[in-house]
Number of protein chains: 2
Amino acid sequence: MKINGKHYHTIWLKEDNPSIIQIIDQRSLPHEFTIEDLTTVDEVAVAIKDMHVRGAPLIGVTAAYGMYLAVLLAPENIDLEEHIVQAAEQLKATRPTAVNLFWAINKQVDALTKVTSRTEKIKVALKTADWIKAHEVENCRLIGEEGVAIIEKLSAAKNGDVVNILTHCNAGWMACIDYGTATAPIYAAHEKGIKVHVWVDETRPRNQGARITAFELKEQGVPHTVIPDNVGGHLMQHDMVDMVIVGSDRTTYTGDVANKIGTYLKALAAKDNEIPFYAALPSSTFDWTIRDGVKEIPIENRGAEEVKYIQGLHEGKLMKVLLTPEESPATNYAFDVTPAHLVTGLITEKGICAASEEGVKGLFPEKIKPSNAK
Amino acid sequence: MKINGKHYHTIWLKEDNPSIIQIIDQRSLPHEFTIEDLTTVDEVAVAIKDMHVRGAPLIGVTAAYGMYLAVLLAPENIDLEEHIVQAAEQLKATRPTAVNLFWAINKQVDALTKVTSRTEKIKVALKTADWIKAHEVENCRLIGEEGVAIIEKLSAAKNGDVVNILTHCNAGWMACIDYGTATAPIYAAHEKGIKVHVWVDETRPRNQGARITAFELKEQGVPHTVIPDNVGGHLMQHDMVDMVIVGSDRTTYTGDVANKIGTYLKALAAKDNEIPFYAALPSSTFDWTIRDGVKEIPIENRGAEEVKYIQGLHEGKLMKVLLTPEESPATNYAFDVTPAHLVTGLITEKGICAASEEGVKGLFPEKIKPSNAK
């Protein structure tokens with residue numbers, strides 16, 4: 001998608017030096033646009049853990065390129081197999097909830113075990129990372145194609161009046177490579193001339209909505225309004241929301257949707273007000289091994305300082321300010337799980353299905369079997 | 001309650017000059033503790049509108065003292081009756097949702113019409129304001145006495161283990177004069193040696209939880225943890241919340257509870273997880289004229305800049321930082337309405353009742369009739 005009119009992906013190899021990964025450092029958005037070079041596996045791990053990049057599909061792709069760096073930069077005379085295992089473990093340890101991370105790293109490890117020479121491994125690692133990236137771009141494009149039908153229907157039912165869509169966190173192209181997951185149908189609708197307006201949950205504590213989704217939408221010219229996370233229920237009670245679309249960090253094959261903390265509350269409000277609630281996700285976000293998402297999906301608890309301090313722009317400079325009494329503790333669960341019964345449907349690259357084992361099986365019959373996705 | 005070990009109310013007349021109202025300016029809490037003098041009706045109106053003081057009971061009391069200033073400072077040779085009506089209108093126009101404001105001002109107007117001379121009016125206005133203040137202190141104390149029984153029962157059911165209570169916004173003593181509404185049972189329990197821990201919703205956009213409730217609880221030594229507003233649902237799904245207590249800005253005689261935006265979302269989550277959800281309120285917060293809270297209670301929409309900018313402490317100085325893209329619009333509904341069927345009970349100075357017309361009638365039989373509370 002575009003920033004300042006220029007097309008970008010969220011991650012790429014440096015044009016004149018393909019041993020350097022380049023990313024948009026999302027921590028300083030929307031106030032500063034910074035491209036960061038990642039030159040080692042350690043730097044890739046930090047970029048994922050400290051959320052220079054974030055969003056389930058993007059951290060998967062970043063880890064895939066991290067595995068490529070691991071092979072490319074492996075010291076001579078090292079046990080390369082052991083080195084690959086270690087890099088995989090290091091990258092898997094960065095964040096626990098988004099399953100795309102494990103999926104992408106496992107894809108790399110599987111591919112790398114199939115060839116033996118160092119030269120071949122480098123070639124395979126790059127090819128696999130490139131494939132995962134291209135695959136996720138295409139998945140998001142298809143999610144847009146599938147999902148736009150829902151918006152078209154709502155628009156028709158409103159005789160072409162503005163369709164109001166609420167989204168939580170950033171499941172935009174900045175969480176992916178291009179198009180986004182939750183935003184892909186919105187961008188597709190906007191492109192087609194369907195009138196849409198997006199309620200952007202600011203998404204405390206890290207404000208991915210207020211900072212990144214709002215920035216994305218503004219850059220593509222999509223009408224939107226930022227709201228505190230508390231507001232969605234009131235809007236739904238007063239017929240100001242026609243649908244909710246969120247992304248996902250991990251969705252069980254039974255349809256339970258792990259997503260940014262607070263998603264569950266919006267799903268409850270959507271249910272209470274009979275508003276359709278969709279999660280949009282590529283197949284790489286499914287966990288084919290977990291039945292009960294609320295009980296079994298590991299939920300990351302990040303540092304209290306992300307709640308107590310917030311960053312913003314003051315007189316042209318990025319600054320962190322303290323919000324709470326210094327002595328007050330805070331806690332920071334980063335995700336919650338929305339039970340399948342609150343989810344109207346899942347929008348995937350293969351089509352839209354019910355959030356249920358039967359629904360998911362209908363789109364991905366080959367996947368529903370015990371496996372070791374982690 | 002105490003600040004730095006010293007007992008305070010949130011509002012009082014200056015000791016050596018009872019024509020000056022003193023308040024704690026709550027905008028700079030917890031980082032700065034500022035006492036502000038209010039010397040005119042205009043200053044009182046600004047203090048309410050711009051939230052130097054906030055919380056339904058406190059803005060009622062502040063307006064009552066504002067009416068006293070109106071009479072006290074009325075120019076000679078003015079139509080005093082007309083002047084009183086104008087002051088009442090000016091103060092009523094400050095904020096639309098909390099009914100205590102209208103209740104307190106109407107009480108003053110009613111009392112003032114009963115006497116004619118200027119001297120008598122001054123005396124009556126002061127007496128009425130003092131009465132309303134004392135009445136709200138006593139109401140909050142009684143809410144504590146009534147509500148603590150619920151916490152005691154939960155504590156007993158947990159064999160004395162910590163009772164985890166979630167609260168939204170600040171319905172503490174800083175929203176009242178002393179004790180608080182939602183916090184009164186918590187302070188009473190803490191006083192009795194019952195182990196409690198409070199989950200403090202930060203309460204965007206103005207962070208009354210993170211700033212004021214956390215500050216209050218810290219000053220009284222009550223264990224607490226600040227959480228983003230998004231987190232409560234997850235905590236409830238995982239048995240980390242034993243009850244929810246919130247305050248109210250207006251509750252219909254049918255049990256619909258208007259309170260700080262986001263309360264409705266927490267009530268939905270409490271219902272979904274079978275966790276008791278109480279609103280604590282003095283009788284001055286009831287609206288005896290409205291049947292359908294969701295449809296009829298006016299909801300204030302405050303400025304977008306309260307969402308886009310946030311204030312905090314940076315290197316010892318209060319600073320505002322911009323959170324969103326400068327160009328992105330924001331909206332700022334300040335309250336929502338939780339339908340009665342999501343509310344386990346109402347904790348009032350007269351006892352605890354079901355959130356229903358029958359329940360409320362049981363405690364306040366004399367009140368349920370058409371009136372003109374506004």
# chains A, B, ... in the order shown; residues from 1 in each chain; ligands from 1
call {"tool": "residues_around", "arguments": {"residues": "Asn170 of chain A", "least_positions_apart": "4", "cutoff": "7 Å", "atoms": "only C-alpha atoms", "output": "ChimeraX atom specification"}}
result
/A:175,208-209,212-213
call {"tool": "write_last_selection", "arguments": {"atoms": "N, CA and C atoms", "output": "short mmCIF file (atom, residue, chain, number, x, y, z; two decimals), in the first residue's frame"}}
result
data_model
loop_
_atom_site.label_atom_id
_atom_site.label_comp_id
_atom_site.auth_asym_id
_atom_site.auth_seq_id
_atom_site.Cartn_x
_atom_site.Cartn_y
_atom_site.Cartn_z
N ALA A 175 0.44 -4.73 9.46
CA ALA A 175 0.53 -5.96 10.26
C ALA A 175 0.89 -7.14 9.37
N GLN A 208 -1.99 0.70 18.61
CA GLN A 208 -1.78 0.34 17.20
C GLN A 208 -2.91 0.87 16.32
N GLY A 209 -4.09 1.03 16.88
CA GLY A 209 -5.19 1.60 16.10
C GLY A 209 -4.97 3.08 15.85
N ILE A 212 -1.34 3.38 13.99
CA ILE A 212 -0.99 2.71 12.74
C ILE A 212 -2.20 2.55 11.81
N THR A 213 -3.33 2.05 12.34
CA THR A 213 -4.51 1.92 11.46
C THR A 213 -4.95 3.28 10.95
#
call {"tool": "select_by_dssp", "arguments": {"residues": "segment 289-352 of chain A", "states": "alpha helix (DSSP H)", "output": "VMD selection string"}}
result
chain A and resid 293 to 296 305 to 308
call {"tool": "write_last_selection", "arguments": {"atoms": "C-alpha atoms", "output": "compact mmCIF listing (two decimals), in the first residue's frame"}}
result
# COMPACT_ATOMS: atom_id res chain seq x y z
CA GLY A 293 -8.80 -21.30 22.54
CA VAL A 294 -9.73 -19.63 25.84
CA LYS A 295 -8.06 -22.35 27.88
CA GLU A 296 -5.14 -23.26 25.69
CA GLU A 305 5.78 0.12 31.61
CA GLU A 306 3.84 -0.19 28.34
CA VAL A 307 0.71 0.64 30.35
CA LYS A 308 2.21 3.22 32.69
call {"tool": "residues_around", "arguments": {"residues": "Leu363 of chain A", "least_positions_apart": "5", "cutoff": "10 Å", "atoms": "only C-alpha atoms", "output": "ChimeraX atom specification"}}
result
/A:283,348-354,358
call {"tool": "closest_residue", "arguments": {"among": "A:Trp131, A:Tyr333, A:Phe215, A:Tyr309", "to": "His31 of chain A", "atoms": "only C-alpha atoms"}}
result
A:Phe215
call {"tool": "residues_around", "arguments": {"residues": "segment 337-347 of chain A", "least_positions_apart": "4", "cutoff": "7 Å", "atoms": "only C-alpha atoms", "output": "VMD selection string"}}
result
chain A and resid 143 146 to 147 255 to 259 263 to 264 267 to 268 271 276 to 281 293 to 294 351 to 356
call {"tool": "write_last_selection", "arguments": {"atoms": "N, CA, C and O atoms", "output": "compact mmCIF listing (two decimals), in the first residue's frame"}}
result
# COMPACT_ATOMS: atom_id res chain seq x y z
N ILE A 143 -8.15 -12.35 0.70
CA ILE A 143 -9.04 -12.01 1.83
C ILE A 143 -9.85 -10.76 1.47
O ILE A 143 -11.06 -10.68 1.74
N GLU A 146 -12.52 -11.82 -1.06
CA GLU A 146 -13.61 -12.57 -0.42
C GLU A 146 -14.47 -11.65 0.46
O GLU A 146 -15.69 -11.67 0.41
N GLY A 147 -13.77 -10.84 1.26
CA GLY A 147 -14.48 -10.05 2.27
C GLY A 147 -15.28 -8.89 1.71
O GLY A 147 -16.26 -8.46 2.32
N GLY A 255 -12.55 -22.37 15.71
CA GLY A 255 -13.09 -21.03 15.49
C GLY A 255 -12.91 -20.04 16.62
O GLY A 255 -13.43 -18.92 16.54
N ASP A 256 -12.17 -20.40 17.68
CA ASP A 256 -11.86 -19.42 18.73
C ASP A 256 -10.76 -18.49 18.22
O ASP A 256 -9.75 -18.95 17.71
N VAL A 257 -10.98 -17.19 18.41
CA VAL A 257 -10.11 -16.19 17.78
C VAL A 257 -9.27 -15.45 18.83
O VAL A 257 -9.80 -14.63 19.59
N ALA A 258 -7.98 -15.73 18.88
CA ALA A 258 -7.09 -14.89 19.70
C ALA A 258 -6.74 -13.66 18.89
O ALA A 258 -6.38 -13.75 17.71
N ASN A 259 -6.90 -12.52 19.51
CA ASN A 259 -6.54 -11.27 18.84
C ASN A 259 -6.18 -10.28 19.93
O ASN A 259 -6.23 -10.58 21.13
N THR A 263 -10.53 -7.38 22.07
CA THR A 263 -11.36 -7.86 20.97
C THR A 263 -12.61 -8.57 21.51
O THR A 263 -13.73 -8.37 21.00
N TYR A 264 -12.40 -9.37 22.54
CA TYR A 264 -13.51 -10.13 23.16
C TYR A 264 -14.65 -9.19 23.59
O TYR A 264 -15.83 -9.49 23.40
N ALA A 267 -16.61 -8.14 20.65
CA ALA A 267 -17.41 -9.25 20.12
C ALA A 267 -18.68 -9.42 20.96
O ALA A 267 -19.76 -9.68 20.42
N LEU A 268 -18.55 -9.27 22.28
CA LEU A 268 -19.73 -9.35 23.15
C LEU A 268 -20.74 -8.26 22.79
O LEU A 268 -21.95 -8.52 22.72
N LYS A 271 -22.45 -9.05 19.47
CA LYS A 271 -23.48 -10.08 19.68
C LYS A 271 -24.72 -9.46 20.32
O LYS A 271 -25.85 -9.70 19.87
N PRO A 276 -22.85 -8.05 12.75
CA PRO A 276 -21.93 -9.12 12.34
C PRO A 276 -20.49 -8.83 12.77
O PRO A 276 -20.01 -7.71 12.66
N PHE A 277 -19.83 -9.87 13.27
CA PHE A 277 -18.46 -9.76 13.78
C PHE A 277 -17.60 -10.77 13.04
O PHE A 277 -17.77 -11.98 13.21
N TYR A 278 -16.66 -10.28 12.22
CA TYR A 278 -15.81 -11.16 11.43
C TYR A 278 -14.35 -11.07 11.86
O TYR A 278 -13.87 -9.99 12.22
N ALA A 279 -13.65 -12.19 11.79
CA ALA A 279 -12.19 -12.17 11.88
C ALA A 279 -11.66 -12.52 10.50
O ALA A 279 -12.17 -13.43 9.84
N ALA A 280 -10.65 -11.75 10.06
CA ALA A 280 -10.03 -11.99 8.76
C ALA A 280 -8.62 -12.50 8.99
O ALA A 280 -7.86 -11.88 9.73
N LEU A 281 -8.30 -13.63 8.39
CA LEU A 281 -6.99 -14.23 8.66
C LEU A 281 -6.56 -15.15 7.53
O LEU A 281 -7.39 -15.82 6.92
N GLY A 293 -9.68 -22.47 22.62
CA GLY A 293 -8.80 -21.30 22.54
C GLY A 293 -8.67 -20.56 23.86
O GLY A 293 -7.58 -20.12 24.23
N VAL A 294 -9.78 -20.40 24.58
CA VAL A 294 -9.73 -19.63 25.84
C VAL A 294 -8.81 -20.32 26.84
O VAL A 294 -8.01 -19.68 27.51
N GLY A 351 -11.95 -18.37 1.24
CA GLY A 351 -13.38 -18.08 1.30
C GLY A 351 -13.79 -17.75 2.73
O GLY A 351 -12.93 -17.65 3.61
N ILE A 352 -15.07 -17.57 2.91
CA ILE A 352 -15.61 -17.21 4.23
C ILE A 352 -16.29 -18.44 4.80
O ILE A 352 -17.01 -19.15 4.10
N CYS A 353 -16.04 -18.70 6.08
CA CYS A 353 -16.67 -19.87 6.69
C CYS A 353 -17.18 -19.53 8.07
O CYS A 353 -16.79 -18.52 8.67
N ALA A 354 -18.04 -20.40 8.60
CA ALA A 354 -18.49 -20.26 9.98
C ALA A 354 -17.30 -20.49 10.91
O ALA A 354 -16.37 -21.24 10.58
N ALA A 355 -17.34 -19.85 12.07
CA ALA A 355 -16.29 -20.04 13.07
C ALA A 355 -16.61 -21.31 13.86
O ALA A 355 -17.06 -21.25 15.00
N SER A 356 -16.36 -22.42 13.23
CA SER A 356 -16.64 -23.72 13.86
C SER A 356 -15.76 -24.76 13.19
O SER A 356 -15.22 -24.53 12.10
call {"tool": "interface_residues", "arguments": {"of": "chain B", "to": "chain A", "cutoff": "8 Å", "atoms": "only C-alpha atoms", "output": "MDAnalysis selection string"}}
result
chainID B and resid 30:31 203:205 207 210:211 214:215 218 224:231 233:234 237 261:266 268:269 294 307 311:314 319:325 327:333 336:337
call {"tool": "select_by_dssp", "arguments": {"residues": "segment 155-271 of chain B", "states": "strand (DSSP E)", "output": "list of chain:residue names"}}
result
B:Val163, B:Asn164, B:Ile165, B:Leu166, B:Thr167, B:Val196, B:His197, B:Val198, B:Trp199, B:Val200, B:Asp201, B:His224, B:Thr225, B:Val226, B:Ile227, B:Met243, B:Val244, B:Ile245, B:Val246, B:Arg250, B:Thr251, B:Thr252, B:Val257, B:Ala258, B:Asn259, B:Lys260
call {"tool": "closest_residue", "arguments": {"among": "A:Ile151, A:Ile122, A:Val222, A:Val46", "to": "Lys92 of chain A", "atoms": "only C-alpha atoms"}}
result
A:Val46
call {"tool": "closest_residue", "arguments": {"among": "B:Ile245, B:Thr167, B:Met174, B:Gln220", "to": "Glu191 of chain B", "atoms": "only C-alpha atoms"}}
result
B:Gln220
call {"tool": "residues_around", "arguments": {"residues": "Glu43 of chain A", "least_positions_apart": "3", "cutoff": "12 Å", "atoms": "only C-alpha atoms", "output": "PyMOL selection string"}}
result
chain A and resi 20-23+36-40+46-53+62-63+65-67+69-70+87+90-91+94
call {"tool": "closest_residue", "arguments": {"among": "A:Ala74, A:Cys176, A:Leu154, A:Val196", "to": "Thr285 of chain A", "atoms": "only C-alpha atoms"}}
result
A:Cys176
call {"tool": "residues_around", "arguments": {"residues": "Glu81 of chain B", "least_positions_apart": "2", "cutoff": "12 Å", "atoms": "only C-alpha atoms", "output": "PyMOL selection string"}}
result
chain B and resi 70-71+74+77-79+83-88+109-110+112-118+121
call {"tool": "atom_distance", "arguments": {"atom1": "atom CA of Ala129 of chain A", "atom2": "atom CA of Ala64 of chain A"}}
result
5.0 Å
call {"tool": "residues_around", "arguments": {"residues": "Tyr179 of chain B", "least_positions_apart": "2", "cutoff": "9 Å", "atoms": "only C-alpha atoms", "output": "ChimeraX atom specification"}}
result
/B:1,137,140-141,143-144,172-174,176-177,181-185,187-188
call {"tool": "decode", "arguments": {"residues": "segment 109-123 of chain A", "atoms": "all heavy atoms", "output": "short mmCIF file (atom, residue, chain, number, x, y, z; two decimals), in the first residue's frame"}}
result
data_model
loop_
_atom_site.label_atom_id
_atom_site.label_comp_id
_atom_site.auth_asym_id
_atom_site.auth_seq_id
_atom_site.Cartn_x
_atom_site.Cartn_y
_atom_site.Cartn_z
N VAL A 109 12.63 -24.46 8.75
CA VAL A 109 13.40 -25.60 9.27
C VAL A 109 13.14 -26.83 8.40
O VAL A 109 14.08 -27.54 8.00
CB VAL A 109 13.05 -25.86 10.76
CG1 VAL A 109 13.69 -27.16 11.24
CG2 VAL A 109 13.50 -24.68 11.62
N ASP A 110 11.87 -27.06 8.05
CA ASP A 110 11.53 -28.21 7.19
C ASP A 110 12.25 -28.12 5.85
O ASP A 110 12.82 -29.10 5.37
CB ASP A 110 10.01 -28.25 6.94
CG ASP A 110 9.24 -28.68 8.17
OD1 ASP A 110 9.89 -29.07 9.18
OD2 ASP A 110 7.99 -28.60 8.16
N ALA A 111 12.20 -26.94 5.26
CA ALA A 111 12.83 -26.77 3.94
C ALA A 111 14.34 -26.96 4.04
O ALA A 111 14.97 -27.58 3.17
CB ALA A 111 12.49 -25.39 3.37
N LEU A 112 14.93 -26.43 5.11
CA LEU A 112 16.39 -26.47 5.26
C LEU A 112 16.91 -27.88 5.51
O LEU A 112 18.05 -28.20 5.13
CB LEU A 112 16.83 -25.53 6.38
CG LEU A 112 16.72 -24.04 6.03
CD1 LEU A 112 16.89 -23.17 7.27
CD2 LEU A 112 17.76 -23.66 4.97
N THR A 113 16.10 -28.72 6.15
CA THR A 113 16.58 -30.09 6.41
C THR A 113 16.62 -30.91 5.12
O THR A 113 17.23 -31.97 5.08
CB THR A 113 15.66 -30.83 7.41
OG1 THR A 113 14.32 -30.73 6.94
CG2 THR A 113 15.77 -30.24 8.80
N LYS A 114 15.99 -30.41 4.08
CA LYS A 114 15.92 -31.19 2.83
C LYS A 114 17.16 -31.02 1.95
O LYS A 114 17.31 -31.72 0.95
CB LYS A 114 14.66 -30.80 2.05
CG LYS A 114 13.42 -31.45 2.66
CD LYS A 114 12.16 -31.11 1.90
CE LYS A 114 10.96 -31.57 2.73
NZ LYS A 114 9.88 -30.59 2.72
N VAL A 115 17.99 -30.05 2.28
CA VAL A 115 19.24 -29.86 1.52
C VAL A 115 20.41 -29.88 2.49
O VAL A 115 20.23 -29.60 3.68
CB VAL A 115 19.23 -28.55 0.71
CG1 VAL A 115 18.22 -28.61 -0.42
CG2 VAL A 115 18.97 -27.36 1.60
N THR A 116 21.59 -30.19 1.98
CA THR A 116 22.71 -30.40 2.92
C THR A 116 23.79 -29.33 2.84
O THR A 116 24.26 -28.86 3.87
CB THR A 116 23.36 -31.78 2.67
OG1 THR A 116 23.56 -31.92 1.26
CG2 THR A 116 22.45 -32.89 3.18
N SER A 117 24.16 -28.92 1.63
CA SER A 117 25.31 -28.00 1.56
C SER A 117 24.91 -26.61 2.03
O SER A 117 23.74 -26.22 1.96
CB SER A 117 25.83 -27.92 0.12
OG SER A 117 25.04 -27.02 -0.63
N ARG A 118 25.87 -25.90 2.51
CA ARG A 118 25.68 -24.53 2.96
C ARG A 118 25.08 -23.65 1.86
O ARG A 118 24.13 -22.89 2.09
CB ARG A 118 27.05 -24.03 3.40
CG ARG A 118 27.05 -22.66 3.99
CD ARG A 118 28.49 -22.18 4.10
NE ARG A 118 28.48 -20.89 4.75
CZ ARG A 118 28.46 -20.73 6.06
NH1 ARG A 118 28.46 -21.77 6.88
NH2 ARG A 118 28.43 -19.52 6.58
N THR A 119 25.68 -23.77 0.66
CA THR A 119 25.21 -22.96 -0.46
C THR A 119 23.74 -23.25 -0.77
O THR A 119 22.94 -22.33 -0.99
CB THR A 119 26.04 -23.28 -1.74
OG1 THR A 119 27.38 -23.48 -1.34
CG2 THR A 119 25.93 -22.17 -2.76
N GLU A 120 23.41 -24.53 -0.77
CA GLU A 120 22.01 -24.89 -1.03
C GLU A 120 21.10 -24.35 0.07
O GLU A 120 20.00 -23.86 -0.20
CB GLU A 120 21.87 -26.42 -1.07
CG GLU A 120 22.28 -27.05 -2.38
CD GLU A 120 22.24 -28.57 -2.27
OE1 GLU A 120 22.80 -29.12 -1.28
OE2 GLU A 120 21.62 -29.20 -3.14
N LYS A 121 21.54 -24.46 1.31
CA LYS A 121 20.71 -24.00 2.44
C LYS A 121 20.44 -22.50 2.32
O LYS A 121 19.32 -22.04 2.57
CB LYS A 121 21.39 -24.32 3.78
CG LYS A 121 21.20 -25.77 4.23
CD LYS A 121 21.61 -25.93 5.69
CE LYS A 121 21.87 -27.38 6.09
NZ LYS A 121 20.69 -28.25 6.11
N ILE A 122 21.46 -21.75 1.95
CA ILE A 122 21.26 -20.30 1.80
C ILE A 122 20.20 -20.03 0.72
O ILE A 122 19.28 -19.24 0.90
CB ILE A 122 22.61 -19.59 1.44
CG1 ILE A 122 23.56 -19.67 2.62
CG2 ILE A 122 22.36 -18.14 1.02
CD1 ILE A 122 24.97 -19.21 2.33
N LYS A 123 20.37 -20.74 -0.40
CA LYS A 123 19.43 -20.56 -1.51
C LYS A 123 18.00 -20.92 -1.07
O LYS A 123 17.04 -20.19 -1.34
CB LYS A 123 19.87 -21.46 -2.69
CG LYS A 123 19.60 -20.84 -4.04
CD LYS A 123 20.05 -21.74 -5.17
CE LYS A 123 21.56 -21.59 -5.45
NZ LYS A 123 22.01 -22.47 -6.58
#
